[in-house]
Amino acid sequence: MSLPGLRINSACAPAAASLIQAFSNVVTPHISDNLGRHIGARGLTRLNKTGKLVGTALTVKTRPGDNLYIYKAMTMLRPGHVLVIDAQGDLNNAVIGELVKLYADMRGCVGYVVDGVIRDVVAFENTPLYARGVMHCGPYKDGPGEVNVPVSIGGMIVTPGDILVGDEDGLVAFPQADASEVLRLAGLHAEHERRVMAEIATGEHRQSWLEATLAARGLLD
């Protein structure tokens, strides 16, 4: 067994298509609100203009500015995987670009998450992509790195096989084992917000949802 820093583990199977489809209509705030309101990536930007990210994590941890182990990870991709790259937040060298995207897309990759920078950003306009930014300088290919190990993405731990959901509001990940409960709670959250919206639409100044929150904290006149 390789020591930490040099491990290459097998990829987790992508989640069932029915589960992925179920999350395609769930917004990230409804997920993170039910995960303690502190689970989610911070400091990454959605760089694509269209498309929602829903898929299964295949993770890479790489030395800053190097993509050798990303190349290795690409050979392990299966349809439904998201390539999740912990480049340690480095802003000096892009670790993926259009060529990586074209090959990974061919293998069924459904999105990209990079705690670092990318290049050829126009190529990702319609493909889900979250990164710290864009840099024209390319990567080195010397290693070391790790594949399919827990990684840190914007302060969020992503474990191989986790479900990732990303939209205009951000990016969140959670274990497949928790997916059914997350889906149930997100559905209840969405229904609650629909009721609040309907009450607001009445035009009444006094609103039960607002007054209940203020009353619970002793602030209702």
# chains A, B, ... in the order shown; residues from 1 in each chain; ligands from 1
>>> closest_atom_pairs(of="segment 78-197 of chain A", to="segment 208-212 of chain A", cutoff="10 Å", atoms="only C-alpha atoms", output="CSV")
residue,atom,partner,partner_atom,distance
A:His192,CA,A:Trp209,CA,9.8
A:Glu193,CA,A:Trp209,CA,10.0
A:Arg195,CA,A:Trp209,CA,9.3
A:Val196,CA,A:Trp209,CA,6.8
>>> residues_around(residues="Phe23 of chain A", least_positions_apart="2", cutoff="12 Å", atoms="only C-alpha atoms", output="VMD selection string")
chain A and resid 15 to 21 25 to 28 30 to 31 52 to 56 163 to 167 172 to 173 176 179 to 184 186 to 187
>>> closest_residue(among="A:Val84, A:Leu185, A:Val158, A:Met76", to="Pro128 of chain A", atoms="only C-alpha atoms")
A:Val84
>>> select_by_dssp(residues="segment 168-202 of chain A", states="helix (DSSP H, G or I)", output="JSON, numbers by chain")
{"A": [176, 177, 178, 179, 180, 181, 182, 183, 184, 185, 186, 187, 188, 189, 190, 191, 192, 193, 194, 195, 196, 197, 198, 199, 200]}
>>> write_last_selection(atoms="C-alpha atoms", output="compact mmCIF listing (two decimals), in the first residue's frame")
# COMPACT_ATOMS: atom_id res chain seq x y z
CA GLN A 176 -24.33 8.75 -1.34
CA ALA A 177 -25.51 7.02 1.83
CA ASP A 178 -27.18 10.28 2.93
CA ALA A 179 -28.65 11.16 -0.45
CA SER A 180 -32.19 9.89 0.15
CA GLU A 181 -32.54 11.82 3.40
CA VAL A 182 -31.01 14.96 1.88
CA LEU A 183 -33.49 14.68 -0.98
CA ARG A 184 -36.42 14.28 1.41
CA LEU A 185 -35.44 17.26 3.56
CA ALA A 186 -34.74 19.44 0.52
CA GLY A 187 -38.21 18.62 -0.76
CA LEU A 188 -39.78 19.69 2.53
CA HIS A 189 -37.72 22.87 2.45
CA ALA A 190 -38.92 23.68 -1.07
CA GLU A 191 -42.53 23.13 -0.03
CA HIS A 192 -42.09 25.45 2.96
CA GLU A 193 -40.71 28.19 0.71
CA ARG A 194 -43.62 27.76 -1.71
CA ARG A 195 -46.04 28.35 1.18
CA VAL A 196 -44.13 31.47 2.25
CA MET A 197 -44.12 32.80 -1.31
CA ALA A 198 -47.87 32.23 -1.55
CA GLU A 199 -48.41 34.16 1.67
CA ILE A 200 -46.24 37.04 0.46
>>> residues_around(residues="segment 37-48 of chain A", least_positions_apart="6", cutoff="7 Å", atoms="only C-alpha atoms", output="list in words")
Phe124, Glu125, Asn126, Thr127, Pro128, Leu129, Tyr130, Ala131, Arg132, Ile153, Gly154, Gly155, Met156, Glu168, Leu171, Val172 and Ala173 of chain A
>>> atom_distance(atom1="atom CA of Asp66 of chain A", atom2="atom CA of Leu6 of chain A")
13.9 Å
>>> residues_around(residues="Pro160 of chain A", least_positions_apart="6", cutoff="12 Å", atoms="only C-alpha atoms", output="PDB file with all heavy atoms, in the first residue's frame")
ATOM      1  N   ILE A   8      -2.995   5.745  -5.260  1.00  0.00           N
ATOM      2  CA  ILE A   8      -3.925   5.674  -6.383  1.00  0.00           C
ATOM      3  C   ILE A   8      -4.917   4.571  -6.053  1.00  0.00           C
ATOM      4  O   ILE A   8      -4.575   3.387  -6.058  1.00  0.00           O
ATOM      5  CB  ILE A   8      -3.209   5.375  -7.713  1.00  0.00           C
ATOM      6  CG1 ILE A   8      -2.215   6.477  -8.043  1.00  0.00           C
ATOM      7  CG2 ILE A   8      -4.243   5.230  -8.838  1.00  0.00           C
ATOM      8  CD1 ILE A   8      -1.406   6.222  -9.306  1.00  0.00           C
ATOM      9  N   ASN A   9      -6.147   4.964  -5.745  1.00  0.00           N
ATOM     10  CA  ASN A   9      -7.193   4.019  -5.376  1.00  0.00           C
ATOM     11  C   ASN A   9      -8.199   3.865  -6.514  1.00  0.00           C
ATOM     12  O   ASN A   9      -8.321   4.732  -7.387  1.00  0.00           O
ATOM     13  CB  ASN A   9      -7.917   4.497  -4.119  1.00  0.00           C
ATOM     14  CG  ASN A   9      -6.996   4.568  -2.920  1.00  0.00           C
ATOM     15  OD1 ASN A   9      -6.157   3.695  -2.715  1.00  0.00           O
ATOM     16  ND2 ASN A   9      -7.143   5.615  -2.112  1.00  0.00           N
ATOM     17  N   SER A  10      -8.929   2.783  -6.478  1.00  0.00           N
ATOM     18  CA  SER A  10      -9.947   2.531  -7.497  1.00  0.00           C
ATOM     19  C   SER A  10     -11.055   3.583  -7.408  1.00  0.00           C
ATOM     20  O   SER A  10     -11.364   4.091  -6.328  1.00  0.00           O
ATOM     21  CB  SER A  10     -10.547   1.140  -7.319  1.00  0.00           C
ATOM     22  OG  SER A  10      -9.555   0.146  -7.456  1.00  0.00           O
ATOM     23  N   ALA A  11     -11.663   3.869  -8.542  1.00  0.00           N
ATOM     24  CA  ALA A  11     -12.759   4.837  -8.585  1.00  0.00           C
ATOM     25  C   ALA A  11     -14.036   4.218  -8.055  1.00  0.00           C
ATOM     26  O   ALA A  11     -14.314   3.030  -8.276  1.00  0.00           O
ATOM     27  CB  ALA A  11     -12.970   5.326 -10.012  1.00  0.00           C
ATOM     28  N   CYS A  12     -14.838   5.023  -7.344  1.00  0.00           N
ATOM     29  CA  CYS A  12     -16.151   4.586  -6.901  1.00  0.00           C
ATOM     30  C   CYS A  12     -17.119   4.587  -8.085  1.00  0.00           C
ATOM     31  O   CYS A  12     -17.009   5.417  -8.992  1.00  0.00           O
ATOM     32  CB  CYS A  12     -16.689   5.513  -5.818  1.00  0.00           C
ATOM     33  SG  CYS A  12     -15.754   5.450  -4.264  1.00  0.00           S
ATOM     34  N   ALA A  13     -18.053   3.667  -8.060  1.00  0.00           N
ATOM     35  CA  ALA A  13     -19.051   3.610  -9.128  1.00  0.00           C
ATOM     36  C   ALA A  13     -19.929   4.862  -9.092  1.00  0.00           C
ATOM     37  O   ALA A  13     -20.295   5.334  -8.016  1.00  0.00           O
ATOM     38  CB  ALA A  13     -19.911   2.366  -8.970  1.00  0.00           C
ATOM     39  N   PRO A  14     -20.272   5.396 -10.262  1.00  0.00           N
ATOM     40  CA  PRO A  14     -21.194   6.537 -10.285  1.00  0.00           C
ATOM     41  C   PRO A  14     -22.539   6.170  -9.676  1.00  0.00           C
ATOM     42  O   PRO A  14     -22.977   5.013  -9.745  1.00  0.00           O
ATOM     43  CB  PRO A  14     -21.331   6.839 -11.783  1.00  0.00           C
ATOM     44  CG  PRO A  14     -20.080   6.292 -12.397  1.00  0.00           C
ATOM     45  CD  PRO A  14     -19.765   5.059 -11.604  1.00  0.00           C
ATOM     46  N   ALA A  15     -23.177   7.151  -9.072  1.00  0.00           N
ATOM     47  CA  ALA A  15     -24.489   6.934  -8.462  1.00  0.00           C
ATOM     48  C   ALA A  15     -25.512   6.574  -9.529  1.00  0.00           C
ATOM     49  O   ALA A  15     -25.347   6.875 -10.719  1.00  0.00           O
ATOM     50  CB  ALA A  15     -24.921   8.197  -7.718  1.00  0.00           C
ATOM     51  N   GLY A  55     -23.469  14.960 -10.107  1.00  0.00           N
ATOM     52  CA  GLY A  55     -22.707  13.779 -10.454  1.00  0.00           C
ATOM     53  C   GLY A  55     -21.982  13.204  -9.251  1.00  0.00           C
ATOM     54  O   GLY A  55     -22.202  13.620  -8.110  1.00  0.00           O
ATOM     55  N   THR A  56     -21.101  12.246  -9.541  1.00  0.00           N
ATOM     56  CA  THR A  56     -20.396  11.478  -8.510  1.00  0.00           C
ATOM     57  C   THR A  56     -18.912  11.813  -8.542  1.00  0.00           C
ATOM     58  O   THR A  56     -18.297  11.818  -9.608  1.00  0.00           O
ATOM     59  CB  THR A  56     -20.589   9.971  -8.765  1.00  0.00           C
ATOM     60  OG1 THR A  56     -21.985   9.693  -8.866  1.00  0.00           O
ATOM     61  CG2 THR A  56     -19.990   9.149  -7.643  1.00  0.00           C
ATOM     62  N   ALA A  57     -18.337  12.046  -7.381  1.00  0.00           N
ATOM     63  CA  ALA A  57     -16.958  12.527  -7.294  1.00  0.00           C
ATOM     64  C   ALA A  57     -15.927  11.447  -7.620  1.00  0.00           C
ATOM     65  O   ALA A  57     -15.938  10.360  -7.029  1.00  0.00           O
ATOM     66  CB  ALA A  57     -16.697  13.075  -5.900  1.00  0.00           C
ATOM     67  N   LEU A  58     -15.034  11.790  -8.530  1.00  0.00           N
ATOM     68  CA  LEU A  58     -13.763  11.092  -8.716  1.00  0.00           C
ATOM     69  C   LEU A  58     -12.710  12.127  -8.371  1.00  0.00           C
ATOM     70  O   LEU A  58     -12.607  13.160  -9.034  1.00  0.00           O
ATOM     71  CB  LEU A  58     -13.601  10.584 -10.144  1.00  0.00           C
ATOM     72  CG  LEU A  58     -12.418   9.641 -10.402  1.00  0.00           C
ATOM     73  CD1 LEU A  58     -12.682   8.757 -11.622  1.00  0.00           C
ATOM     74  CD2 LEU A  58     -11.101  10.379 -10.585  1.00  0.00           C
ATOM     75  N   THR A  59     -11.940  11.891  -7.324  1.00  0.00           N
ATOM     76  CA  THR A  59     -11.104  12.942  -6.758  1.00  0.00           C
ATOM     77  C   THR A  59      -9.633  12.793  -7.114  1.00  0.00           C
ATOM     78  O   THR A  59      -9.121  11.694  -7.327  1.00  0.00           O
ATOM     79  CB  THR A  59     -11.230  12.970  -5.226  1.00  0.00           C
ATOM     80  OG1 THR A  59     -10.674  11.766  -4.687  1.00  0.00           O
ATOM     81  CG2 THR A  59     -12.685  13.100  -4.791  1.00  0.00           C
ATOM     82  N   VAL A  60      -8.962  13.954  -7.143  1.00  0.00           N
ATOM     83  CA  VAL A  60      -7.516  14.019  -7.370  1.00  0.00           C
ATOM     84  C   VAL A  60      -6.932  15.057  -6.422  1.00  0.00           C
ATOM     85  O   VAL A  60      -7.503  16.142  -6.269  1.00  0.00           O
ATOM     86  CB  VAL A  60      -7.169  14.441  -8.811  1.00  0.00           C
ATOM     87  CG1 VAL A  60      -5.666  14.294  -9.052  1.00  0.00           C
ATOM     88  CG2 VAL A  60      -7.959  13.673  -9.840  1.00  0.00           C
ATOM     89  N   LYS A  61      -5.829  14.733  -5.797  1.00  0.00           N
ATOM     90  CA  LYS A  61      -5.059  15.728  -5.051  1.00  0.00           C
ATOM     91  C   LYS A  61      -3.714  15.837  -5.747  1.00  0.00           C
ATOM     92  O   LYS A  61      -3.010  14.836  -5.933  1.00  0.00           O
ATOM     93  CB  LYS A  61      -4.865  15.323  -3.595  1.00  0.00           C
ATOM     94  CG  LYS A  61      -4.130  16.394  -2.765  1.00  0.00           C
ATOM     95  CD  LYS A  61      -4.057  16.002  -1.298  1.00  0.00           C
ATOM     96  CE  LYS A  61      -3.320  17.047  -0.474  1.00  0.00           C
ATOM     97  NZ  LYS A  61      -4.031  18.332  -0.415  1.00  0.00           N
ATOM     98  N   ALA A  73      -6.054  10.115 -13.365  1.00  0.00           N
ATOM     99  CA  ALA A  73      -7.461  10.058 -12.977  1.00  0.00           C
ATOM    100  C   ALA A  73      -8.378  10.009 -14.194  1.00  0.00           C
ATOM    101  O   ALA A  73      -9.413   9.326 -14.172  1.00  0.00           O
ATOM    102  CB  ALA A  73      -7.806  11.265 -12.103  1.00  0.00           C
ATOM    103  N   HIS A  81     -19.270  10.580 -13.678  1.00  0.00           N
ATOM    104  CA  HIS A  81     -18.276  11.104 -12.741  1.00  0.00           C
ATOM    105  C   HIS A  81     -18.104  12.615 -12.895  1.00  0.00           C
ATOM    106  O   HIS A  81     -18.252  13.176 -13.986  1.00  0.00           O
ATOM    107  CB  HIS A  81     -16.916  10.439 -12.962  1.00  0.00           C
ATOM    108  CG  HIS A  81     -16.763   9.138 -12.240  1.00  0.00           C
ATOM    109  ND1 HIS A  81     -16.100   8.055 -12.778  1.00  0.00           N
ATOM    110  CD2 HIS A  81     -17.178   8.739 -11.001  1.00  0.00           C
ATOM    111  CE1 HIS A  81     -16.119   7.048 -11.911  1.00  0.00           C
ATOM    112  NE2 HIS A  81     -16.771   7.446 -10.835  1.00  0.00           N
ATOM    113  N   VAL A  82     -17.751  13.256 -11.803  1.00  0.00           N
ATOM    114  CA  VAL A  82     -17.288  14.640 -11.774  1.00  0.00           C
ATOM    115  C   VAL A  82     -15.808  14.601 -11.399  1.00  0.00           C
ATOM    116  O   VAL A  82     -15.429  13.959 -10.416  1.00  0.00           O
ATOM    117  CB  VAL A  82     -18.059  15.481 -10.742  1.00  0.00           C
ATOM    118  CG1 VAL A  82     -17.509  16.905 -10.682  1.00  0.00           C
ATOM    119  CG2 VAL A  82     -19.553  15.482 -11.057  1.00  0.00           C
ATOM    120  N   LEU A  83     -14.971  15.271 -12.182  1.00  0.00           N
ATOM    121  CA  LEU A  83     -13.547  15.324 -11.881  1.00  0.00           C
ATOM    122  C   LEU A  83     -13.322  16.418 -10.841  1.00  0.00           C
ATOM    123  O   LEU A  83     -13.492  17.610 -11.118  1.00  0.00           O
ATOM    124  CB  LEU A  83     -12.756  15.611 -13.147  1.00  0.00           C
ATOM    125  CG  LEU A  83     -11.235  15.442 -13.086  1.00  0.00           C
ATOM    126  CD1 LEU A  83     -10.844  14.029 -12.649  1.00  0.00           C
ATOM    127  CD2 LEU A  83     -10.612  15.763 -14.437  1.00  0.00           C
ATOM    128  N   VAL A  84     -12.966  16.006  -9.632  1.00  0.00           N
ATOM    129  CA  VAL A  84     -12.821  16.912  -8.492  1.00  0.00           C
ATOM    130  C   VAL A  84     -11.338  17.001  -8.148  1.00  0.00           C
ATOM    131  O   VAL A  84     -10.731  16.025  -7.729  1.00  0.00           O
ATOM    132  CB  VAL A  84     -13.619  16.413  -7.280  1.00  0.00           C
ATOM    133  CG1 VAL A  84     -13.465  17.370  -6.104  1.00  0.00           C
ATOM    134  CG2 VAL A  84     -15.095  16.234  -7.645  1.00  0.00           C
ATOM    135  N   ILE A  85     -10.753  18.197  -8.325  1.00  0.00           N
ATOM    136  CA  ILE A  85      -9.304  18.362  -8.244  1.00  0.00           C
ATOM    137  C   ILE A  85      -8.927  19.312  -7.118  1.00  0.00           C
ATOM    138  O   ILE A  85      -9.280  20.497  -7.136  1.00  0.00           O
ATOM    139  CB  ILE A  85      -8.755  18.905  -9.580  1.00  0.00           C
ATOM    140  CG1 ILE A  85      -9.114  17.949 -10.727  1.00  0.00           C
ATOM    141  CG2 ILE A  85      -7.243  19.129  -9.494  1.00  0.00           C
ATOM    142  CD1 ILE A  85      -8.940  18.569 -12.092  1.00  0.00           C
ATOM    143  N   GLU A 146      -2.300  12.186  -5.728  1.00  0.00           N
ATOM    144  CA  GLU A 146      -3.112  11.060  -5.255  1.00  0.00           C
ATOM    145  C   GLU A 146      -4.425  11.047  -6.034  1.00  0.00           C
ATOM    146  O   GLU A 146      -4.915  12.092  -6.468  1.00  0.00           O
ATOM    147  CB  GLU A 146      -3.420  11.203  -3.769  1.00  0.00           C
ATOM    148  CG  GLU A 146      -2.200  11.165  -2.857  1.00  0.00           C
ATOM    149  CD  GLU A 146      -2.591  11.187  -1.396  1.00  0.00           C
ATOM    150  OE1 GLU A 146      -2.755  12.299  -0.847  1.00  0.00           O
ATOM    151  OE2 GLU A 146      -2.743  10.095  -0.815  1.00  0.00           O
ATOM    152  N   VAL A 147      -4.978   9.849  -6.186  1.00  0.00           N
ATOM    153  CA  VAL A 147      -6.240   9.691  -6.909  1.00  0.00           C
ATOM    154  C   VAL A 147      -7.212   8.911  -6.034  1.00  0.00           C
ATOM    155  O   VAL A 147      -6.855   7.886  -5.446  1.00  0.00           O
ATOM    156  CB  VAL A 147      -6.030   8.967  -8.252  1.00  0.00           C
ATOM    157  CG1 VAL A 147      -7.356   8.804  -8.991  1.00  0.00           C
ATOM    158  CG2 VAL A 147      -5.030   9.715  -9.120  1.00  0.00           C
ATOM    159  N   ASN A 148      -8.438   9.412  -5.983  1.00  0.00           N
ATOM    160  CA  ASN A 148      -9.516   8.793  -5.203  1.00  0.00           C
ATOM    161  C   ASN A 148      -9.171   8.680  -3.725  1.00  0.00           C
ATOM    162  O   ASN A 148      -9.180   7.605  -3.119  1.00  0.00           O
ATOM    163  CB  ASN A 148      -9.899   7.439  -5.804  1.00  0.00           C
ATOM    164  CG  ASN A 148     -10.634   7.614  -7.118  1.00  0.00           C
ATOM    165  OD1 ASN A 148     -11.554   8.420  -7.215  1.00  0.00           O
ATOM    166  ND2 ASN A 148     -10.192   6.904  -8.140  1.00  0.00           N
ATOM    167  N   VAL A 149      -8.875   9.850  -3.164  1.00  0.00           N
ATOM    168  CA  VAL A 149      -8.685  10.029  -1.734  1.00  0.00           C
ATOM    169  C   VAL A 149      -9.548  11.218  -1.312  1.00  0.00           C
ATOM    170  O   VAL A 149      -9.947  12.030  -2.149  1.00  0.00           O
ATOM    171  CB  VAL A 149      -7.205  10.304  -1.381  1.00  0.00           C
ATOM    172  CG1 VAL A 149      -6.327   9.124  -1.792  1.00  0.00           C
ATOM    173  CG2 VAL A 149      -6.721  11.601  -2.033  1.00  0.00           C
ATOM    174  N   PRO A 150      -9.861  11.363  -0.026  1.00  0.00           N
ATOM    175  CA  PRO A 150     -10.579  12.560   0.415  1.00  0.00           C
ATOM    176  C   PRO A 150      -9.765  13.821   0.097  1.00  0.00           C
ATOM    177  O   PRO A 150      -8.548  13.848   0.287  1.00  0.00           O
ATOM    178  CB  PRO A 150     -10.722  12.358   1.921  1.00  0.00           C
ATOM    179  CG  PRO A 150     -10.662  10.872   2.099  1.00  0.00           C
ATOM    180  CD  PRO A 150      -9.677  10.401   1.070  1.00  0.00           C
ATOM    181  N   VAL A 151     -10.456  14.852  -0.412  1.00  0.00           N
ATOM    182  CA  VAL A 151      -9.793  16.099  -0.772  1.00  0.00           C
ATOM    183  C   VAL A 151     -10.528  17.275  -0.151  1.00  0.00           C
ATOM    184  O   VAL A 151     -11.685  17.161   0.248  1.00  0.00           O
ATOM    185  CB  VAL A 151      -9.711  16.278  -2.308  1.00  0.00           C
ATOM    186  CG1 VAL A 151      -8.838  15.200  -2.929  1.00  0.00           C
ATOM    187  CG2 VAL A 151     -11.103  16.275  -2.937  1.00  0.00           C
ATOM    188  N   SER A 152      -9.849  18.407  -0.097  1.00  0.00           N
ATOM    189  CA  SER A 152     -10.439  19.635   0.419  1.00  0.00           C
ATOM    190  C   SER A 152     -10.679  20.588  -0.747  1.00  0.00           C
ATOM    191  O   SER A 152      -9.744  20.955  -1.463  1.00  0.00           O
ATOM    192  CB  SER A 152      -9.513  20.296   1.442  1.00  0.00           C
ATOM    193  OG  SER A 152     -10.064  21.515   1.903  1.00  0.00           O
ATOM    194  N   ALA A 173     -21.431  19.029  -1.496  1.00  0.00           N
ATOM    195  CA  ALA A 173     -21.212  17.591  -1.654  1.00  0.00           C
ATOM    196  C   ALA A 173     -21.675  16.870  -0.400  1.00  0.00           C
ATOM    197  O   ALA A 173     -21.629  17.415   0.711  1.00  0.00           O
ATOM    198  CB  ALA A 173     -19.736  17.305  -1.908  1.00  0.00           C
ATOM    199  N   PHE A 174     -22.084  15.619  -0.569  1.00  0.00           N
ATOM    200  CA  PHE A 174     -22.539  14.808   0.552  1.00  0.00           C
ATOM    201  C   PHE A 174     -22.435  13.340   0.160  1.00  0.00           C
ATOM    202  O   PHE A 174     -22.440  12.993  -1.023  1.00  0.00           O
ATOM    203  CB  PHE A 174     -23.980  15.156   0.943  1.00  0.00           C
ATOM    204  CG  PHE A 174     -24.929  15.226  -0.222  1.00  0.00           C
ATOM    205  CD1 PHE A 174     -25.592  14.090  -0.671  1.00  0.00           C
ATOM    206  CD2 PHE A 174     -25.130  16.420  -0.890  1.00  0.00           C
ATOM    207  CE1 PHE A 174     -26.438  14.152  -1.758  1.00  0.00           C
ATOM    208  CE2 PHE A 174     -25.982  16.491  -1.986  1.00  0.00           C
ATOM    209  CZ  PHE A 174     -26.640  15.351  -2.421  1.00  0.00           C
ATOM    210  N   PRO A 175     -22.340  12.433   1.141  1.00  0.00           N
ATOM    211  CA  PRO A 175     -22.186  11.007   0.841  1.00  0.00           C
ATOM    212  C   PRO A 175     -23.423  10.421   0.159  1.00  0.00           C
ATOM    213  O   PRO A 175     -24.559  10.825   0.448  1.00  0.00           O
ATOM    214  CB  PRO A 175     -21.978  10.374   2.223  1.00  0.00           C
ATOM    215  CG  PRO A 175     -21.505  11.497   3.095  1.00  0.00           C
ATOM    216  CD  PRO A 175     -22.207  12.708   2.581  1.00  0.00           C
ATOM    217  N   GLN A 176     -23.197   9.430  -0.702  1.00  0.00           N
ATOM    218  CA  GLN A 176     -24.326   8.747  -1.340  1.00  0.00           C
ATOM    219  C   GLN A 176     -25.255   8.135  -0.301  1.00  0.00           C
ATOM    220  O   GLN A 176     -26.470   8.103  -0.501  1.00  0.00           O
ATOM    221  CB  GLN A 176     -23.822   7.659  -2.282  1.00  0.00           C
ATOM    222  CG  GLN A 176     -23.238   8.165  -3.586  1.00  0.00           C
ATOM    223  CD  GLN A 176     -23.062   7.061  -4.607  1.00  0.00           C
ATOM    224  OE1 GLN A 176     -23.939   6.218  -4.796  1.00  0.00           O
ATOM    225  NE2 GLN A 176     -21.912   7.051  -5.275  1.00  0.00           N
TER     226      GLN A 176
END
>>> select_by_dssp(residues="segment 77-126 of chain A", states="strand (DSSP E or B)", output="VMD selection string")
chain A and resid 81 to 86 94 to 96 111 to 118
>>> write_last_selection(atoms="all heavy atoms", output="short mmCIF file (atom, residue, chain, number, x, y, z; two decimals), in the first residue's frame")
data_model
loop_
_atom_site.label_atom_id
_atom_site.label_comp_id
_atom_site.auth_asym_id
_atom_site.auth_seq_id
_atom_site.Cartn_x
_atom_site.Cartn_y
_atom_site.Cartn_z
N HIS A 81 -19.27 10.58 -13.68
CA HIS A 81 -18.28 11.10 -12.74
C HIS A 81 -18.10 12.62 -12.90
O HIS A 81 -18.25 13.18 -13.99
CB HIS A 81 -16.92 10.44 -12.96
CG HIS A 81 -16.76 9.14 -12.24
ND1 HIS A 81 -16.10 8.05 -12.78
CD2 HIS A 81 -17.18 8.74 -11.00
CE1 HIS A 81 -16.12 7.05 -11.91
NE2 HIS A 81 -16.77 7.45 -10.84
N VAL A 82 -17.75 13.26 -11.80
CA VAL A 82 -17.29 14.64 -11.77
C VAL A 82 -15.81 14.60 -11.40
O VAL A 82 -15.43 13.96 -10.42
CB VAL A 82 -18.06 15.48 -10.74
CG1 VAL A 82 -17.51 16.91 -10.68
CG2 VAL A 82 -19.55 15.48 -11.06
N LEU A 83 -14.97 15.27 -12.18
CA LEU A 83 -13.55 15.32 -11.88
C LEU A 83 -13.32 16.42 -10.84
O LEU A 83 -13.49 17.61 -11.12
CB LEU A 83 -12.76 15.61 -13.15
CG LEU A 83 -11.23 15.44 -13.09
CD1 LEU A 83 -10.84 14.03 -12.65
CD2 LEU A 83 -10.61 15.76 -14.44
N VAL A 84 -12.97 16.01 -9.63
CA VAL A 84 -12.82 16.91 -8.49
C VAL A 84 -11.34 17.00 -8.15
O VAL A 84 -10.73 16.03 -7.73
CB VAL A 84 -13.62 16.41 -7.28
CG1 VAL A 84 -13.46 17.37 -6.10
CG2 VAL A 84 -15.10 16.23 -7.64
N ILE A 85 -10.75 18.20 -8.32
CA ILE A 85 -9.30 18.36 -8.24
C ILE A 85 -8.93 19.31 -7.12
O ILE A 85 -9.28 20.50 -7.14
CB ILE A 85 -8.75 18.90 -9.58
CG1 ILE A 85 -9.11 17.95 -10.73
CG2 ILE A 85 -7.24 19.13 -9.49
CD1 ILE A 85 -8.94 18.57 -12.09
N ASP A 86 -8.21 18.78 -6.15
CA ASP A 86 -7.63 19.61 -5.09
C ASP A 86 -6.23 20.00 -5.53
O ASP A 86 -5.28 19.25 -5.36
CB ASP A 86 -7.60 18.81 -3.79
CG ASP A 86 -6.96 19.58 -2.63
OD1 ASP A 86 -6.52 20.73 -2.84
OD2 ASP A 86 -6.90 19.02 -1.52
N ALA A 94 -2.55 26.83 -14.46
CA ALA A 94 -3.78 26.09 -14.72
C ALA A 94 -3.48 24.59 -14.73
O ALA A 94 -2.47 24.16 -15.29
CB ALA A 94 -4.36 26.50 -16.05
N VAL A 95 -4.36 23.81 -14.14
CA VAL A 95 -4.14 22.36 -14.11
C VAL A 95 -5.01 21.60 -15.11
O VAL A 95 -4.75 20.43 -15.39
CB VAL A 95 -4.33 21.78 -12.69
CG1 VAL A 95 -3.22 22.26 -11.77
CG2 VAL A 95 -5.70 22.13 -12.12
N ILE A 96 -6.06 22.25 -15.64
CA ILE A 96 -6.81 21.65 -16.74
C ILE A 96 -7.15 22.73 -17.76
O ILE A 96 -7.19 23.92 -17.44
CB ILE A 96 -8.10 20.93 -16.30
CG1 ILE A 96 -9.14 21.92 -15.75
CG2 ILE A 96 -7.80 19.84 -15.28
CD1 ILE A 96 -10.52 21.29 -15.55
N GLY A 111 -18.79 17.07 -15.23
CA GLY A 111 -18.46 18.37 -14.67
C GLY A 111 -17.08 18.37 -14.05
O GLY A 111 -16.45 17.32 -13.88
N TYR A 112 -16.63 19.59 -13.70
CA TYR A 112 -15.26 19.80 -13.22
C TYR A 112 -15.28 20.73 -12.03
O TYR A 112 -15.93 21.78 -12.05
CB TYR A 112 -14.40 20.39 -14.34
CG TYR A 112 -14.41 19.53 -15.58
CD1 TYR A 112 -15.44 19.61 -16.51
CD2 TYR A 112 -13.41 18.58 -15.79
CE1 TYR A 112 -15.47 18.79 -17.62
CE2 TYR A 112 -13.42 17.75 -16.90
CZ TYR A 112 -14.46 17.86 -17.82
OH TYR A 112 -14.49 17.03 -18.91
N VAL A 113 -14.54 20.35 -11.00
CA VAL A 113 -14.38 21.17 -9.80
C VAL A 113 -12.90 21.26 -9.51
O VAL A 113 -12.23 20.23 -9.35
CB VAL A 113 -15.12 20.55 -8.60
CG1 VAL A 113 -14.84 21.35 -7.34
CG2 VAL A 113 -16.62 20.47 -8.87
N VAL A 114 -12.36 22.49 -9.46
CA VAL A 114 -10.92 22.68 -9.32
C VAL A 114 -10.63 23.69 -8.22
O VAL A 114 -10.98 24.87 -8.36
CB VAL A 114 -10.29 23.16 -10.64
CG1 VAL A 114 -8.77 23.26 -10.50
CG2 VAL A 114 -10.66 22.25 -11.80
N ASP A 115 -10.01 23.23 -7.13
CA ASP A 115 -9.53 24.18 -6.13
C ASP A 115 -8.16 24.64 -6.59
O ASP A 115 -7.11 24.21 -6.10
CB ASP A 115 -9.46 23.54 -4.75
CG ASP A 115 -9.36 24.60 -3.66
OD1 ASP A 115 -8.88 25.71 -3.95
OD2 ASP A 115 -9.77 24.32 -2.52
N GLY A 116 -8.19 25.51 -7.57
CA GLY A 116 -7.03 26.01 -8.30
C GLY A 116 -7.56 26.74 -9.51
O GLY A 116 -8.71 27.18 -9.53
N VAL A 117 -6.73 26.86 -10.55
CA VAL A 117 -7.15 27.61 -11.73
C VAL A 117 -7.13 26.73 -12.98
O VAL A 117 -6.47 25.69 -13.02
CB VAL A 117 -6.27 28.86 -11.95
CG1 VAL A 117 -6.53 29.89 -10.86
CG2 VAL A 117 -4.78 28.50 -12.00
N ILE A 118 -7.88 27.21 -14.00
CA ILE A 118 -8.00 26.49 -15.27
C ILE A 118 -7.66 27.46 -16.40
O ILE A 118 -7.49 28.66 -16.17
CB ILE A 118 -9.41 25.90 -15.45
CG1 ILE A 118 -10.47 27.01 -15.60
CG2 ILE A 118 -9.78 25.05 -14.25
CD1 ILE A 118 -10.93 27.26 -16.99
#
>>> closest_residue(among="A:Asp169, A:Ser32, A:Thr50, A:Asp142", to="Leu68 of chain A", atoms="only C-alpha atoms")
A:Asp142
